[in-house]
Amino acid sequence: MPAQPVRLTFEGHDGAELSARLDLPTGRVRAYALFAHCFTCSKDGAAGRRIAEALTREGIAVLRFDFTGLGGSGGDFASTNFSSNVADLLKAAAFLRETHAAPKLLIGHSLGGAAMLAAAHEIPEAVAVATLAAPADADHVLKNFHADLERIRDDGAAVVELAGRRFTIEKQFLEDIAEQNVRERVAHLHKALLVLHAPRDETVGIDNATRIFVAAKHPKSFVSLDSADHLLTDPADAAYAAGVIAAWASRYIGAPEPAEPVEAKGVEVSETGLGKFQAMVVAGRHRLIADEPEAVGGLDSGPSPYGYLSAALGACTVMTLRMYAERKGLAVTRISATVTHGKVHAADCLECTQELRGREGRIDRFERRITIEGDLDAETRARLLEIADRCPVHRTLEAGAVIVTREA
């Protein structure tokens, strides 16, 4: 059965209940990853979602959670600091270790990246660490409320505005940050490191990536996120970073075990819990993603249902023509088909039968453009186009089908 995303809680460093989500791949889990979000962000930010999406497609489960006092987690944010974030990460790793398996991959965004670098040496099972827009020094976060530093030191605490929200920052936060040495931890990481950073990041400058990279020992890698902003708000930037991490991590967590032969018993489709519509499609040993475009509330992470239906018609067409060409010994070098789908008023469908044109409302119209490469005469090409209409999916669409629905 396809695995479902799991919403869960576990105990944080001070006993508060932390809200978490475990994104599971469909099928066998190759490894577990732990994700740390940015300062004052949450587990449901764009970067975390996209990374979880990419990794689960590669068979890697991802645990992402809200630090104490943030998102859906309990506890008082004002009493937290960098050390408490590290402690929460170690609690999360322990939770995974006790309930599933310890994380092999650690990922952190912004200050979450710095916290992950600090926590990594206490998670011995982890073999690789990836950071996104991480500061080289934990005290870099102080620039977010630089104007309030004196007030915090003098009064012991102050309410500051961060990303349009108000947070109470206590003096102990400043004192704790001052004691951290992230680069020292990086120098003794003893794990593969991937540093992702955008040259135009105005929140955490690219020089931070340089300092982290220089401090690290090999194996280490750097990938530029080009024009991305600090929070990776552009879905394309988040998706790119996620894809890079997924590909890079595979080298260190090990290749997936060869899939055992699977007897096809229909196609199974199940929600992933990522986005509003995203679904995992399981057809035998094959794993695919279905989704809707962003314009209608989806993540645009895979073809739409009608996209898959068009793909079925196109694939069946190409295969049917190839079988015919092979049987007839035709000099066909390559066949391709482009299929478009739309809904048109039945009365306006010039290619439709009289029966269809007499219907009320709209009907589905598929247009198929076939390219046949090879040294063929006009008569043979015309015959191949006729053969395309014999494609089984074509016939199914034209004839209609019976659909039986039962509760599982």
# chains A, B, ... in the order shown; residues from 1 in each chain; ligands from 1

call {"tool": "residues_around", "arguments": {"residues": "range 149-159 of chain A", "least_positions_apart": "4", "cutoff": "9 Å", "atoms": "only C-alpha atoms", "output": "MDAnalysis selection string"}}
result
chainID A and resid 78 142 145 166:172 174

call {"tool": "residues_around", "arguments": {"residues": "Leu96 in chain A", "least_positions_apart": "6", "cutoff": "9 Å", "atoms": "only C-alpha atoms", "output": "PyMOL selection string"}}
result
chain A and resi 32+34+63+102-103

call {"tool": "residues_around", "arguments": {"residues": "range 287-294 of chain A", "least_positions_apart": "5", "cutoff": "7 Å", "atoms": "only C-alpha atoms", "output": "MDAnalysis selection string"}}
result
chainID A and resid 277:282 299:305

call {"tool": "write_last_selection", "arguments": {"atoms": "N, CA, C and O atoms", "output": "compact mmCIF listing (two decimals), in the first residue's frame"}}
result
# COMPACT_ATOMS: atom_id res chain seq x y z
N PHE A 277 -3.47 18.86 -4.04
CA PHE A 277 -3.92 17.80 -4.94
C PHE A 277 -2.88 16.70 -5.22
O PHE A 277 -3.23 15.68 -5.81
N GLN A 278 -1.64 16.89 -4.83
CA GLN A 278 -0.60 15.96 -5.27
C GLN A 278 -0.92 14.52 -4.85
O GLN A 278 -1.34 14.27 -3.72
N ALA A 279 -0.71 13.59 -5.77
CA ALA A 279 -0.99 12.18 -5.51
C ALA A 279 0.15 11.32 -6.05
O ALA A 279 0.77 11.66 -7.06
N MET A 280 0.41 10.22 -5.37
CA MET A 280 1.39 9.26 -5.84
C MET A 280 0.66 8.18 -6.62
O MET A 280 -0.33 7.62 -6.17
N VAL A 281 1.17 7.90 -7.81
CA VAL A 281 0.60 6.87 -8.67
C VAL A 281 1.53 5.67 -8.65
O VAL A 281 2.72 5.79 -8.93
N VAL A 282 1.01 4.51 -8.28
CA VAL A 282 1.80 3.30 -8.20
C VAL A 282 1.27 2.30 -9.23
O VAL A 282 0.12 1.88 -9.16
N LEU A 299 0.58 22.10 -6.97
CA LEU A 299 2.01 22.42 -6.92
C LEU A 299 2.66 22.31 -8.29
O LEU A 299 3.83 22.66 -8.45
N ASP A 300 1.91 21.82 -9.28
CA ASP A 300 2.44 21.60 -10.63
C ASP A 300 3.66 20.68 -10.58
O ASP A 300 4.63 20.87 -11.31
N SER A 301 3.60 19.67 -9.70
CA SER A 301 4.73 18.76 -9.53
C SER A 301 4.64 17.53 -10.43
O SER A 301 5.54 16.69 -10.42
N GLY A 302 3.55 17.42 -11.18
CA GLY A 302 3.39 16.29 -12.09
C GLY A 302 2.24 16.56 -13.03
O GLY A 302 1.51 17.55 -12.88
N PRO A 303 2.05 15.71 -14.02
CA PRO A 303 0.95 15.90 -14.96
C PRO A 303 -0.40 15.85 -14.25
O PRO A 303 -0.55 15.19 -13.21
N SER A 304 -1.39 16.51 -14.84
CA SER A 304 -2.74 16.45 -14.32
C SER A 304 -3.37 15.13 -14.75
O SER A 304 -2.83 14.41 -15.61
N PRO A 305 -4.53 14.77 -14.20
CA PRO A 305 -5.19 13.54 -14.66
C PRO A 305 -5.43 13.53 -16.17
O PRO A 305 -5.20 12.50 -16.83

call {"tool": "select_by_dssp", "arguments": {"residues": "range 117-293 of chain A", "states": "alpha helix (DSSP H)", "output": "number ranges by chain"}}
result
A: 117-119, 149-155, 171-178, 182-187, 207-215, 235-253

call {"tool": "select_by_dssp", "arguments": {"residues": "range 140-173 of chain A", "states": "strand (DSSP E or B)", "output": "PDB file with N, CA, C and O atoms, in the first residue's frame"}}
result
ATOM      1  N   ALA A 157      14.676  41.901  27.813  1.00  0.00           N
ATOM      2  CA  ALA A 157      13.831  41.330  26.754  1.00  0.00           C
ATOM      3  C   ALA A 157      13.203  42.481  25.986  1.00  0.00           C
ATOM      4  O   ALA A 157      13.103  43.606  26.485  1.00  0.00           O
ATOM      5  N   ALA A 158      12.787  42.190  24.758  1.00  0.00           N
ATOM      6  CA  ALA A 158      12.096  43.184  23.941  1.00  0.00           C
ATOM      7  C   ALA A 158      11.284  42.471  22.874  1.00  0.00           C
ATOM      8  O   ALA A 158      11.636  41.372  22.434  1.00  0.00           O
ATOM      9  N   VAL A 159      10.196  43.108  22.471  1.00  0.00           N
ATOM     10  CA  VAL A 159       9.375  42.588  21.388  1.00  0.00           C
ATOM     11  C   VAL A 159       9.904  43.164  20.083  1.00  0.00           C
ATOM     12  O   VAL A 159      10.023  44.377  19.934  1.00  0.00           O
ATOM     13  N   VAL A 160      10.255  42.293  19.150  1.00  0.00           N
ATOM     14  CA  VAL A 160      10.789  42.727  17.858  1.00  0.00           C
ATOM     15  C   VAL A 160       9.894  42.203  16.742  1.00  0.00           C
ATOM     16  O   VAL A 160       9.158  41.228  16.921  1.00  0.00           O
ATOM     17  N   GLU A 161       9.970  42.855  15.606  1.00  0.00           N
ATOM     18  CA  GLU A 161       9.177  42.421  14.461  1.00  0.00           C
ATOM     19  C   GLU A 161      10.071  41.707  13.466  1.00  0.00           C
ATOM     20  O   GLU A 161      11.079  42.252  13.014  1.00  0.00           O
ATOM     21  N   LEU A 162       9.692  40.482  13.120  1.00  0.00           N
ATOM     22  CA  LEU A 162      10.459  39.668  12.175  1.00  0.00           C
ATOM     23  C   LEU A 162       9.502  39.110  11.141  1.00  0.00           C
ATOM     24  O   LEU A 162       8.535  38.428  11.491  1.00  0.00           O
ATOM     25  N   ARG A 165       5.866  39.571  11.778  1.00  0.00           N
ATOM     26  CA  ARG A 165       5.292  39.036  13.018  1.00  0.00           C
ATOM     27  C   ARG A 165       6.112  39.529  14.209  1.00  0.00           C
ATOM     28  O   ARG A 165       7.284  39.845  14.084  1.00  0.00           O
ATOM     29  N   ARG A 166       5.490  39.549  15.363  1.00  0.00           N
ATOM     30  CA  ARG A 166       6.131  40.064  16.572  1.00  0.00           C
ATOM     31  C   ARG A 166       6.564  38.911  17.465  1.00  0.00           C
ATOM     32  O   ARG A 166       5.799  37.987  17.725  1.00  0.00           O
ATOM     33  N   PHE A 167       7.823  38.972  17.909  1.00  0.00           N
ATOM     34  CA  PHE A 167       8.388  37.939  18.770  1.00  0.00           C
ATOM     35  C   PHE A 167       9.093  38.608  19.951  1.00  0.00           C
ATOM     36  O   PHE A 167       9.664  39.700  19.818  1.00  0.00           O
ATOM     37  N   THR A 168       9.079  37.925  21.080  1.00  0.00           N
ATOM     38  CA  THR A 168       9.832  38.406  22.235  1.00  0.00           C
ATOM     39  C   THR A 168      11.205  37.743  22.234  1.00  0.00           C
ATOM     40  O   THR A 168      11.314  36.510  22.208  1.00  0.00           O
ATOM     41  N   ILE A 169      12.245  38.560  22.239  1.00  0.00           N
ATOM     42  CA  ILE A 169      13.619  38.072  22.282  1.00  0.00           C
ATOM     43  C   ILE A 169      14.215  38.440  23.637  1.00  0.00           C
ATOM     44  O   ILE A 169      14.191  39.613  24.037  1.00  0.00           O
ATOM     45  N   GLU A 170      14.737  37.452  24.342  1.00  0.00           N
ATOM     46  CA  GLU A 170      15.305  37.702  25.659  1.00  0.00           C
ATOM     47  C   GLU A 170      16.823  37.833  25.600  1.00  0.00           C
ATOM     48  O   GLU A 170      17.473  37.392  24.644  1.00  0.00           O
TER      49      GLU A 170
END

call {"tool": "closest_atom_pairs", "arguments": {"of": "range 82-201 of chain A", "to": "range 43-50 of chain A", "cutoff": "12 Å", "atoms": "only C-alpha atoms", "output": "JSON lines"}}
result
{"residue": "A:Ile107", "atom": "CA", "partner": "A:Gly48", "partner_atom": "CA", "distance": 9.3}
{"residue": "A:Gly108", "atom": "CA", "partner": "A:Gly48", "partner_atom": "CA", "distance": 9.1}
{"residue": "A:His109", "atom": "CA", "partner": "A:Ala47", "partner_atom": "CA", "distance": 7.9}
{"residue": "A:Ser110", "atom": "CA", "partner": "A:Ala47", "partner_atom": "CA", "distance": 10.7}
{"residue": "A:Gly112", "atom": "CA", "partner": "A:Lys43", "partner_atom": "CA", "distance": 10.8}
{"residue": "A:Thr131", "atom": "CA", "partner": "A:Ala47", "partner_atom": "CA", "distance": 11.4}
{"residue": "A:Leu132", "atom": "CA", "partner": "A:Ala47", "partner_atom": "CA", "distance": 9.0}
{"residue": "A:Ala133", "atom": "CA", "partner": "A:Ala47", "partner_atom": "CA", "distance": 11.0}

call {"tool": "closest_residue", "arguments": {"among": "A:Leu8, A:Ala130, A:Ile245, A:Val214", "to": "Val195 in chain A", "atoms": "only C-alpha atoms"}}
result
A:Ala130

call {"tool": "closest_residue", "arguments": {"among": "A:Thr9, A:Ser79, A:Thr56, A:Thr380", "to": "Gly27 in chain A", "atoms": "only C-alpha atoms"}}
result
A:Thr56

call {"tool": "residues_around", "arguments": {"residues": "Leu385 in chain A", "least_positions_apart": "3", "cutoff": "10 Å", "atoms": "only C-alpha atoms", "output": "PyMOL selection string"}}
result
chain A and resi 317+321+369-372+380-382+388-390

call {"tool": "atom_distance", "arguments": {"atom1": "CA of Trp248 in chain A", "atom2": "CA of Ile212 in chain A"}}
result
18.0 Å

call {"tool": "residues_around", "arguments": {"residues": "Lys143 in chain A", "least_positions_apart": "4", "cutoff": "9 Å", "atoms": "only C-alpha atoms", "output": "list in words"}}
result
Asp139, Ala147 and Thr203 of chain A

call {"tool": "decode", "arguments": {"residues": "range 369-385 of chain A", "atoms": "all heavy atoms", "output": "PDB file, in the first residue's frame"}}
result
ATOM      1  N   ARG A 369      -1.064  15.031 -32.960  1.00  0.00           N
ATOM      2  CA  ARG A 369      -0.173  15.366 -34.076  1.00  0.00           C
ATOM      3  C   ARG A 369       0.976  14.364 -34.075  1.00  0.00           C
ATOM      4  O   ARG A 369       1.743  14.296 -33.122  1.00  0.00           O
ATOM      5  CB  ARG A 369       0.345  16.796 -33.963  1.00  0.00           C
ATOM      6  CG  ARG A 369      -0.757  17.838 -34.097  1.00  0.00           C
ATOM      7  CD  ARG A 369      -0.200  19.251 -34.004  1.00  0.00           C
ATOM      8  NE  ARG A 369      -1.255  20.244 -34.148  1.00  0.00           N
ATOM      9  CZ  ARG A 369      -1.689  20.722 -35.311  1.00  0.00           C
ATOM     10  NH1 ARG A 369      -1.131  20.279 -36.442  1.00  0.00           N
ATOM     11  NH2 ARG A 369      -2.654  21.609 -35.371  1.00  0.00           N
ATOM     12  N   ILE A 370       1.065  13.587 -35.159  1.00  0.00           N
ATOM     13  CA  ILE A 370       2.018  12.481 -35.217  1.00  0.00           C
ATOM     14  C   ILE A 370       3.168  12.827 -36.164  1.00  0.00           C
ATOM     15  O   ILE A 370       2.941  13.292 -37.285  1.00  0.00           O
ATOM     16  CB  ILE A 370       1.314  11.199 -35.701  1.00  0.00           C
ATOM     17  CG1 ILE A 370       0.149  10.857 -34.761  1.00  0.00           C
ATOM     18  CG2 ILE A 370       2.302  10.041 -35.788  1.00  0.00           C
ATOM     19  CD1 ILE A 370      -0.722   9.724 -35.260  1.00  0.00           C
ATOM     20  N   THR A 371       4.373  12.609 -35.685  1.00  0.00           N
ATOM     21  CA  THR A 371       5.567  12.802 -36.511  1.00  0.00           C
ATOM     22  C   THR A 371       6.183  11.441 -36.798  1.00  0.00           C
ATOM     23  O   THR A 371       6.474  10.674 -35.868  1.00  0.00           O
ATOM     24  CB  THR A 371       6.595  13.697 -35.791  1.00  0.00           C
ATOM     25  OG1 THR A 371       6.001  14.966 -35.519  1.00  0.00           O
ATOM     26  CG2 THR A 371       7.839  13.889 -36.649  1.00  0.00           C
ATOM     27  N   ILE A 372       6.377  11.146 -38.081  1.00  0.00           N
ATOM     28  CA  ILE A 372       6.957   9.872 -38.491  1.00  0.00           C
ATOM     29  C   ILE A 372       8.219  10.165 -39.291  1.00  0.00           C
ATOM     30  O   ILE A 372       8.156  10.750 -40.375  1.00  0.00           O
ATOM     31  CB  ILE A 372       5.970   9.054 -39.349  1.00  0.00           C
ATOM     32  CG1 ILE A 372       4.643   8.857 -38.591  1.00  0.00           C
ATOM     33  CG2 ILE A 372       6.576   7.712 -39.724  1.00  0.00           C
ATOM     34  CD1 ILE A 372       3.524   8.329 -39.451  1.00  0.00           C
ATOM     35  N   GLU A 373       9.358   9.783 -38.759  1.00  0.00           N
ATOM     36  CA  GLU A 373      10.627  10.025 -39.419  1.00  0.00           C
ATOM     37  C   GLU A 373      11.072   8.765 -40.172  1.00  0.00           C
ATOM     38  O   GLU A 373      10.983   7.661 -39.638  1.00  0.00           O
ATOM     39  CB  GLU A 373      11.685  10.429 -38.395  1.00  0.00           C
ATOM     40  CG  GLU A 373      11.333  11.708 -37.641  1.00  0.00           C
ATOM     41  CD  GLU A 373      12.370  12.061 -36.589  1.00  0.00           C
ATOM     42  OE1 GLU A 373      13.484  11.486 -36.638  1.00  0.00           O
ATOM     43  OE2 GLU A 373      12.062  12.893 -35.717  1.00  0.00           O
ATOM     44  N   GLY A 374      11.519   8.956 -41.389  1.00  0.00           N
ATOM     45  CA  GLY A 374      11.970   7.826 -42.192  1.00  0.00           C
ATOM     46  C   GLY A 374      11.689   8.046 -43.672  1.00  0.00           C
ATOM     47  O   GLY A 374      10.944   8.965 -44.055  1.00  0.00           O
ATOM     48  N   ASP A 375      12.292   7.217 -44.493  1.00  0.00           N
ATOM     49  CA  ASP A 375      12.142   7.332 -45.944  1.00  0.00           C
ATOM     50  C   ASP A 375      10.868   6.601 -46.376  1.00  0.00           C
ATOM     51  O   ASP A 375      10.881   5.409 -46.716  1.00  0.00           O
ATOM     52  CB  ASP A 375      13.376   6.736 -46.630  1.00  0.00           C
ATOM     53  CG  ASP A 375      13.340   6.946 -48.135  1.00  0.00           C
ATOM     54  OD1 ASP A 375      12.525   7.774 -48.600  1.00  0.00           O
ATOM     55  OD2 ASP A 375      14.128   6.281 -48.841  1.00  0.00           O
ATOM     56  N   LEU A 376       9.740   7.326 -46.349  1.00  0.00           N
ATOM     57  CA  LEU A 376       8.439   6.734 -46.639  1.00  0.00           C
ATOM     58  C   LEU A 376       7.726   7.567 -47.697  1.00  0.00           C
ATOM     59  O   LEU A 376       7.850   8.795 -47.731  1.00  0.00           O
ATOM     60  CB  LEU A 376       7.575   6.683 -45.377  1.00  0.00           C
ATOM     61  CG  LEU A 376       8.171   5.961 -44.154  1.00  0.00           C
ATOM     62  CD1 LEU A 376       7.300   6.214 -42.944  1.00  0.00           C
ATOM     63  CD2 LEU A 376       8.291   4.471 -44.438  1.00  0.00           C
ATOM     64  N   ASP A 377       6.948   6.897 -48.550  1.00  0.00           N
ATOM     65  CA  ASP A 377       6.171   7.645 -49.546  1.00  0.00           C
ATOM     66  C   ASP A 377       4.864   8.140 -48.929  1.00  0.00           C
ATOM     67  O   ASP A 377       4.497   7.759 -47.800  1.00  0.00           O
ATOM     68  CB  ASP A 377       5.900   6.778 -50.781  1.00  0.00           C
ATOM     69  CG  ASP A 377       5.166   5.483 -50.456  1.00  0.00           C
ATOM     70  OD1 ASP A 377       4.312   5.488 -49.546  1.00  0.00           O
ATOM     71  OD2 ASP A 377       5.444   4.461 -51.114  1.00  0.00           O
ATOM     72  N   ALA A 378       4.168   9.000 -49.630  1.00  0.00           N
ATOM     73  CA  ALA A 378       2.955   9.633 -49.125  1.00  0.00           C
ATOM     74  C   ALA A 378       1.878   8.601 -48.804  1.00  0.00           C
ATOM     75  O   ALA A 378       1.142   8.729 -47.812  1.00  0.00           O
ATOM     76  CB  ALA A 378       2.432  10.646 -50.154  1.00  0.00           C
ATOM     77  N   GLU A 379       1.761   7.561 -49.631  1.00  0.00           N
ATOM     78  CA  GLU A 379       0.728   6.551 -49.404  1.00  0.00           C
ATOM     79  C   GLU A 379       0.972   5.803 -48.096  1.00  0.00           C
ATOM     80  O   GLU A 379       0.046   5.541 -47.320  1.00  0.00           O
ATOM     81  CB  GLU A 379       0.703   5.568 -50.575  1.00  0.00           C
ATOM     82  CG  GLU A 379      -0.398   4.516 -50.467  1.00  0.00           C
ATOM     83  CD  GLU A 379      -0.420   3.563 -51.660  1.00  0.00           C
ATOM     84  OE1 GLU A 379       0.312   3.806 -52.640  1.00  0.00           O
ATOM     85  OE2 GLU A 379      -1.164   2.573 -51.588  1.00  0.00           O
ATOM     86  N   THR A 380       2.248   5.469 -47.839  1.00  0.00           N
ATOM     87  CA  THR A 380       2.585   4.747 -46.609  1.00  0.00           C
ATOM     88  C   THR A 380       2.331   5.629 -45.391  1.00  0.00           C
ATOM     89  O   THR A 380       1.842   5.157 -44.358  1.00  0.00           O
ATOM     90  CB  THR A 380       4.053   4.293 -46.639  1.00  0.00           C
ATOM     91  OG1 THR A 380       4.265   3.474 -47.782  1.00  0.00           O
ATOM     92  CG2 THR A 380       4.412   3.516 -45.381  1.00  0.00           C
ATOM     93  N   ARG A 381       2.664   6.892 -45.496  1.00  0.00           N
ATOM     94  CA  ARG A 381       2.420   7.812 -44.384  1.00  0.00           C
ATOM     95  C   ARG A 381       0.927   7.923 -44.090  1.00  0.00           C
ATOM     96  O   ARG A 381       0.503   7.945 -42.917  1.00  0.00           O
ATOM     97  CB  ARG A 381       3.010   9.188 -44.682  1.00  0.00           C
ATOM     98  CG  ARG A 381       4.532   9.203 -44.684  1.00  0.00           C
ATOM     99  CD  ARG A 381       5.095  10.587 -44.989  1.00  0.00           C
ATOM    100  NE  ARG A 381       6.547  10.548 -44.938  1.00  0.00           N
ATOM    101  CZ  ARG A 381       7.271  10.645 -43.822  1.00  0.00           C
ATOM    102  NH1 ARG A 381       6.653  10.813 -42.666  1.00  0.00           N
ATOM    103  NH2 ARG A 381       8.592  10.595 -43.869  1.00  0.00           N
ATOM    104  N   ALA A 382       0.115   7.992 -45.136  1.00  0.00           N
ATOM    105  CA  ALA A 382      -1.327   8.071 -44.948  1.00  0.00           C
ATOM    106  C   ALA A 382      -1.850   6.807 -44.268  1.00  0.00           C
ATOM    107  O   ALA A 382      -2.735   6.853 -43.402  1.00  0.00           O
ATOM    108  CB  ALA A 382      -2.013   8.285 -46.296  1.00  0.00           C
ATOM    109  N   ARG A 383      -1.291   5.662 -44.676  1.00  0.00           N
ATOM    110  CA  ARG A 383      -1.708   4.406 -44.062  1.00  0.00           C
ATOM    111  C   ARG A 383      -1.347   4.353 -42.586  1.00  0.00           C
ATOM    112  O   ARG A 383      -2.136   3.868 -41.754  1.00  0.00           O
ATOM    113  CB  ARG A 383      -1.037   3.239 -44.805  1.00  0.00           C
ATOM    114  CG  ARG A 383      -1.376   1.847 -44.259  1.00  0.00           C
ATOM    115  CD  ARG A 383      -2.852   1.583 -44.276  1.00  0.00           C
ATOM    116  NE  ARG A 383      -3.169   0.238 -43.805  1.00  0.00           N
ATOM    117  CZ  ARG A 383      -4.364  -0.144 -43.403  1.00  0.00           C
ATOM    118  NH1 ARG A 383      -5.391   0.735 -43.400  1.00  0.00           N
ATOM    119  NH2 ARG A 383      -4.579  -1.380 -42.988  1.00  0.00           N
ATOM    120  N   LEU A 384      -0.208   4.861 -42.224  1.00  0.00           N
ATOM    121  CA  LEU A 384       0.207   4.889 -40.819  1.00  0.00           C
ATOM    122  C   LEU A 384      -0.733   5.749 -39.985  1.00  0.00           C
ATOM    123  O   LEU A 384      -1.049   5.421 -38.832  1.00  0.00           O
ATOM    124  CB  LEU A 384       1.646   5.393 -40.704  1.00  0.00           C
ATOM    125  CG  LEU A 384       2.728   4.376 -41.078  1.00  0.00           C
ATOM    126  CD1 LEU A 384       4.079   5.067 -41.241  1.00  0.00           C
ATOM    127  CD2 LEU A 384       2.826   3.266 -40.031  1.00  0.00           C
ATOM    128  N   LEU A 385      -1.198   6.860 -40.548  1.00  0.00           N
ATOM    129  CA  LEU A 385      -2.147   7.691 -39.819  1.00  0.00           C
ATOM    130  C   LEU A 385      -3.465   6.961 -39.607  1.00  0.00           C
ATOM    131  O   LEU A 385      -4.136   7.131 -38.575  1.00  0.00           O
ATOM    132  CB  LEU A 385      -2.383   9.006 -40.567  1.00  0.00           C
ATOM    133  CG  LEU A 385      -1.176   9.955 -40.660  1.00  0.00           C
ATOM    134  CD1 LEU A 385      -1.575  11.245 -41.354  1.00  0.00           C
ATOM    135  CD2 LEU A 385      -0.610  10.261 -39.274  1.00  0.00           C
TER     136      LEU A 385
END
